[in-house]
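Next comes query-v2.cif, a file with mmCIF, C-alpha atoms.
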data_data
loop_
_atom_site.group_PDB
_atom_site.id
_atom_site.type_symbol
_atom_site.label_atom_id
_atom_site.label_comp_id
_atom_site.auth_asym_id
_atom_site.auth_seq_id
_atom_site.Cartn_x
_atom_site.Cartn_y
_atom_site.Cartn_z
ATOM 1 C CA GLU A 1 6.468 13.908 -6.659
ATOM 2 C CA SER A 2 4.712 13.594 -3.298
ATOM 3 C CA LEU A 3 4.181 9.856 -3.676
ATOM 4 C CA PHE A 4 7.779 9.410 -4.793
ATOM 5 C CA ARG A 5 9.058 11.158 -1.650
ATOM 6 C CA ILE A 6 7.301 8.747 0.689
ATOM 7 C CA ARG A 7 8.568 5.746 -1.346
ATOM 8 C CA LEU A 8 5.232 4.896 -3.028
ATOM 9 C CA ARG A 9 6.644 4.413 -6.500
ATOM 10 C CA LYS A 10 4.459 1.541 -7.705
ATOM 11 C CA LYS A 11 0.859 0.485 -7.431
ATOM 12 C CA TYR A 12 0.002 -1.831 -4.478
ATOM 13 C CA THR A 13 2.895 -0.705 -2.296
ATOM 14 C CA ALA A 14 2.775 -0.006 1.440
ATOM 15 C CA VAL A 15 5.012 2.186 3.602
ATOM 16 C CA LEU A 16 5.032 2.835 7.332
ATOM 17 C CA LEU A 17 4.956 6.414 8.607
ATOM 18 C CA LYS A 18 4.883 7.671 12.183
ATOM 19 C CA SER A 19 1.868 9.642 13.414
ATOM 20 C CA GLU A 20 3.595 13.006 13.483
ATOM 21 C CA PRO A 21 1.924 16.311 12.570
ATOM 22 C CA GLN A 22 4.103 16.709 9.454
ATOM 23 C CA ASN A 23 3.174 13.255 8.153
ATOM 24 C CA LEU A 24 -0.518 13.703 8.912
ATOM 25 C CA SER A 25 -0.706 17.026 7.073
ATOM 26 C CA PHE A 26 1.178 15.483 4.170
ATOM 27 C CA LEU A 27 -1.287 12.570 4.046
ATOM 28 C CA LYS A 28 -4.223 14.991 3.991
ATOM 29 C CA LYS A 29 -2.802 16.593 0.842
ATOM 30 C CA ILE A 30 -2.538 13.287 -1.067
ATOM 31 C CA ARG A 31 -5.565 11.536 0.483
ATOM 32 C CA ASN A 32 -7.389 11.339 -2.868
ATOM 33 C CA ASN A 33 -4.643 9.126 -4.291
ATOM 34 C CA ILE A 34 -3.869 6.741 -1.427
ATOM 35 C CA ALA A 35 -5.531 4.649 1.264
ATOM 36 C CA TYR A 36 -4.099 5.054 4.764
ATOM 37 C CA GLY A 37 -4.921 4.306 8.372
ATOM 38 C CA ASP A 38 -3.635 3.003 11.699
ATOM 39 C CA ILE A 39 -2.068 -0.454 11.550
ATOM 40 C CA ASP A 40 -2.350 -2.796 14.532
ATOM 41 C CA ASN A 41 0.439 -5.032 15.866
ATOM 42 C CA GLN A 42 -1.040 -8.282 14.538
ATOM 43 C CA THR A 43 -1.269 -6.948 10.969
ATOM 44 C CA LEU A 44 2.206 -5.396 11.235
ATOM 45 C CA THR A 45 3.646 -8.758 12.285
ATOM 46 C CA LYS A 46 1.973 -10.544 9.363
ATOM 47 C CA LEU A 47 3.131 -7.835 6.961
ATOM 48 C CA ILE A 48 6.755 -8.142 8.075
ATOM 49 C CA GLU A 49 6.721 -11.949 8.053
ATOM 50 C CA SER A 50 5.268 -12.271 4.577
ATOM 51 C CA ARG A 51 6.373 -9.170 2.653
ATOM 52 C CA ALA A 52 9.514 -7.670 4.235
ATOM 53 C CA ILE A 53 12.640 -7.731 2.075
ATOM 54 C CA SER A 54 15.989 -7.809 3.883
ATOM 55 C CA LYS A 55 18.669 -5.359 2.820
ATOM 56 C CA ASP A 56 21.244 -8.128 3.266
ATOM 57 C CA LYS A 57 20.098 -11.157 1.254
ATOM 58 C CA GLU A 58 21.919 -13.731 3.454
ATOM 59 C CA LYS A 59 20.344 -12.612 6.739
ATOM 60 C CA LYS A 60 16.998 -13.923 7.938
ATOM 61 C CA ILE A 61 14.380 -11.468 9.125
ATOM 62 C CA ASP A 62 13.733 -11.386 12.883
ATOM 63 C CA THR A 63 10.219 -10.006 13.220
ATOM 64 C CA LYS A 64 10.478 -8.850 16.843
ATOM 65 C CA LYS A 65 13.755 -7.057 16.205
ATOM 66 C CA ILE A 66 12.325 -5.347 13.121
ATOM 67 C CA ILE A 67 9.236 -4.147 15.025
ATOM 68 C CA GLU A 68 11.507 -2.625 17.703
ATOM 69 C CA GLN A 69 13.562 -0.900 14.996
ATOM 70 C CA ILE A 70 10.433 0.488 13.349
ATOM 71 C CA GLU A 71 9.268 2.025 16.628
ATOM 72 C CA LYS A 72 12.620 3.558 17.604
ATOM 73 C CA THR A 73 14.667 4.402 14.506
ATOM 74 C CA PRO A 74 14.137 6.165 11.161
ATOM 75 C CA PRO A 75 13.512 4.026 8.036
ATOM 76 C CA GLU A 76 17.068 4.468 6.759
ATOM 77 C CA LYS A 77 18.432 2.418 9.682
ATOM 78 C CA TRP A 78 16.037 -0.528 9.408
ATOM 79 C CA ASP A 79 17.404 -3.957 8.402
ATOM 80 C CA ILE A 80 14.605 -4.243 5.833
ATOM 81 C CA LYS A 81 13.680 -2.141 2.841
ATOM 82 C CA PRO A 82 11.334 0.716 3.881
ATOM 83 C CA PHE A 83 8.446 -0.388 1.644
ATOM 84 C CA PHE A 84 6.331 -3.505 1.161
ATOM 85 C CA ARG A 85 5.151 -4.825 -2.203
ATOM 86 C CA LEU A 86 1.630 -6.243 -1.981
ATOM 87 C CA HIS A 87 -0.791 -8.201 -4.162
ATOM 88 C CA PRO A 88 -4.052 -6.709 -5.420
ATOM 89 C CA PRO A 89 -6.710 -7.292 -2.727
ATOM 90 C CA ARG A 90 -8.585 -10.577 -2.756
ATOM 91 C CA GLY A 91 -12.264 -9.912 -3.264
ATOM 92 C CA GLY A 92 -11.543 -6.778 -5.255
ATOM 93 C CA ILE A 93 -11.385 -3.104 -4.448
ATOM 94 C CA ASP A 94 -14.691 -1.643 -3.287
ATOM 95 C CA SER A 95 -14.482 1.307 -5.664
ATOM 96 C CA LYS A 96 -14.176 -1.086 -8.619
ATOM 97 C CA LYS A 97 -17.352 -3.064 -7.787
ATOM 98 C CA HIS A 98 -20.269 -1.985 -9.945
ATOM 99 C CA PHE A 99 -23.499 -0.629 -8.490
ATOM 100 C CA SER A 100 -22.170 -0.181 -4.979
ATOM 101 C CA VAL A 101 -24.714 1.648 -2.891
ATOM 102 C CA THR A 102 -23.062 2.040 0.480
ATOM 103 C CA LYS A 103 -19.303 2.294 0.037
ATOM 104 C CA LYS A 104 -17.597 4.417 -2.587
ATOM 105 C CA GLY A 105 -14.003 3.181 -2.429
ATOM 106 C CA VAL A 106 -11.043 2.707 -0.182
ATOM 107 C CA LEU A 107 -9.123 5.941 -0.772
ATOM 108 C CA GLY A 108 -8.513 8.366 2.073
ATOM 109 C CA ASP A 109 -8.392 7.731 5.815
ATOM 110 C CA ASN A 110 -9.658 4.226 6.577
ATOM 111 C CA LYS A 111 -8.645 4.306 10.269
ATOM 112 C CA LYS A 112 -8.758 0.671 11.507
ATOM 113 C CA ALA A 113 -10.329 -0.723 8.296
ATOM 114 C CA ILE A 114 -6.922 -0.482 6.624
ATOM 115 C CA ASN A 115 -5.914 -3.621 8.579
ATOM 116 C CA ASP A 116 -8.547 -5.665 6.737
ATOM 117 C CA LEU A 117 -7.384 -4.282 3.389
ATOM 118 C CA ILE A 118 -3.730 -5.102 4.147
ATOM 119 C CA ARG A 119 -4.602 -8.665 5.224
ATOM 120 C CA ARG A 120 -6.478 -9.162 1.928
ATOM 121 C CA MET A 121 -3.406 -7.946 0.037
ATOM 122 C CA LEU A 122 -0.833 -10.234 1.702
#

In structure tokens, what does this structure look like?
Amino acid sequence: ESLFRIRLRKKYTAVLLKSEPQNLSFLKKIRNNIAYGDIDNQTLTKLIESRAISKDKEKKIDTKKIIEQIEKTPPEKWDIKPFFRLHPPRGGIDSKKHFSVTKKGVLGDNKKAINDLIRRML
């Protein structure tokens, strides 16, 4: 139910949430099921260019306009759908690699390392 509420209804899906106390406490509750972190502007631009789906099929997506909308308005008012469908990561998921000694997966708070994971999934 928690994943459904934040629009994570399928595997390999990404959503954007603001860094508000309610969202951060919510992420802490479901951290064992998802990977999350802080996205940078370069990765956000690539994500919108390659994976954003317009609500109106005839309109082209203007990346700069969409980024401004994301910063200022709630997801219901964006010109794109509020989720991004991604591919499985190239090079595999670290938790799936056998005999890993140092890293035990990608779930939980990845901070800035989430940008690398998203780029591998585009």

### Message
Residue by residue, what does the PyMOL selection byres ((chain A and resi 41) around 12) grab here? Present the result as a list of chain:residue names.
### Response
A:Asp38, A:Ile39, A:Asp40, A:Gln42, A:Thr43, A:Leu44, A:Thr45, A:Lys46, A:Leu47, A:Ile48, A:Thr63, A:Lys64, A:Ile67, A:Glu68, A:Ile70, A:Glu71, A:Lys112, A:Asn115

So which residues touch Leu17 (chain A) within 10 Å, counting all atoms listed in the file, skipping near sequence neighbours fewer than 5 positions away, as a PDB file with C-alpha atoms, in the coordinates of the input?
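What landed in result-v6.pdb:
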ATOM      1  CA  ILE A   6       7.301   8.747   0.689  1.00  0.00           C
ATOM      2  CA  ASN A  23       3.174  13.255   8.153  1.00  0.00           C
ATOM      3  CA  LEU A  24      -0.518  13.703   8.912  1.00  0.00           C
ATOM      4  CA  LEU A  27      -1.287  12.570   4.046  1.00  0.00           C
ATOM      5  CA  TYR A  36      -4.099   5.054   4.764  1.00  0.00           C
ATOM      6  CA  ASP A  38      -3.635   3.003  11.699  1.00  0.00           C
ATOM      7  CA  ILE A  70      10.433   0.488  13.349  1.00  0.00           C
ATOM      8  CA  PRO A  74      14.137   6.165  11.161  1.00  0.00           C
ATOM      9  CA  PRO A  75      13.512   4.026   8.036  1.00  0.00           C
ATOM     10  CA  PRO A  82      11.334   0.716   3.881  1.00  0.00           C
TER      11      PRO A  82
END

### Query
Taking the file as shown, what set of residues would the PyMOL selection byres ((chain A and resi 5) around 12) give back, as a list in words?
Glu1, Ser2, Leu3, Phe4, Ile6, Arg7, Leu8, Arg9, Val15, Asn23, Phe26, Leu27 and Ile30 of chain A

### Task
Mind giving me the straight-line distance from CA of Lys28 (chain A) to CA of Leu122 (chain A) in Å, one decimal?
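Pair CA of Lys28 (chain A) / CA of Leu122 (chain A) returns 25.6 Å.
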
### Message
Which residue is closest to Lys81 (chain A)? Choose from A:Ala52, A:Met121, A:Ile34, A:Ile66 and count all atoms listed in the file.
### Response
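Counting all atoms listed in the file, the residue closest to Lys81 (chain A) is A:Ala52.
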
### Hits from the PyMOL selection byres ((chain A and resi 109) around 8), listed as a PyMOL selection string
chain A and resi 31+35-37+107-108+110-111

### Task
Tell me, in Å to one decimal, how far CA of Lys59 (chain A) is from CA of Phe84 (chain A).
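Atom-to-atom, CA of Lys59 (chain A) and CA of Phe84 (chain A) are spaced 17.6 Å apart.
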
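Each of A:Pro21, A:Leu86, A:Lys29, A:Gly92 was compared to Ile53 (chain A) using all atoms listed in the file, and A:Leu86 turns out to be the nearest.
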
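Residue nearest Ala14 (chain A), chosen from A:Arg85, A:Arg90, A:Lys55, A:Arg119 and counting only C-alpha atoms: A:Arg85.
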
### Task
To one decimal in Å, tell me the separation between CA of Lys77 (chain A) and CA of Lys60 (chain A).
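Interatomic distance, CA of Lys77 (chain A) to CA of Lys60 (chain A): 16.5 Å.
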
Size and centre in Å, one decimal, axis-aligned box, all listed region 6-24 of chain A atoms plus 4 Å per side, as JSON:
{"center_x": 4.0, "center_y": 7.4, "center_z": 2.9, "size_x": 17.1, "size_y": 26.5, "size_z": 29.2}
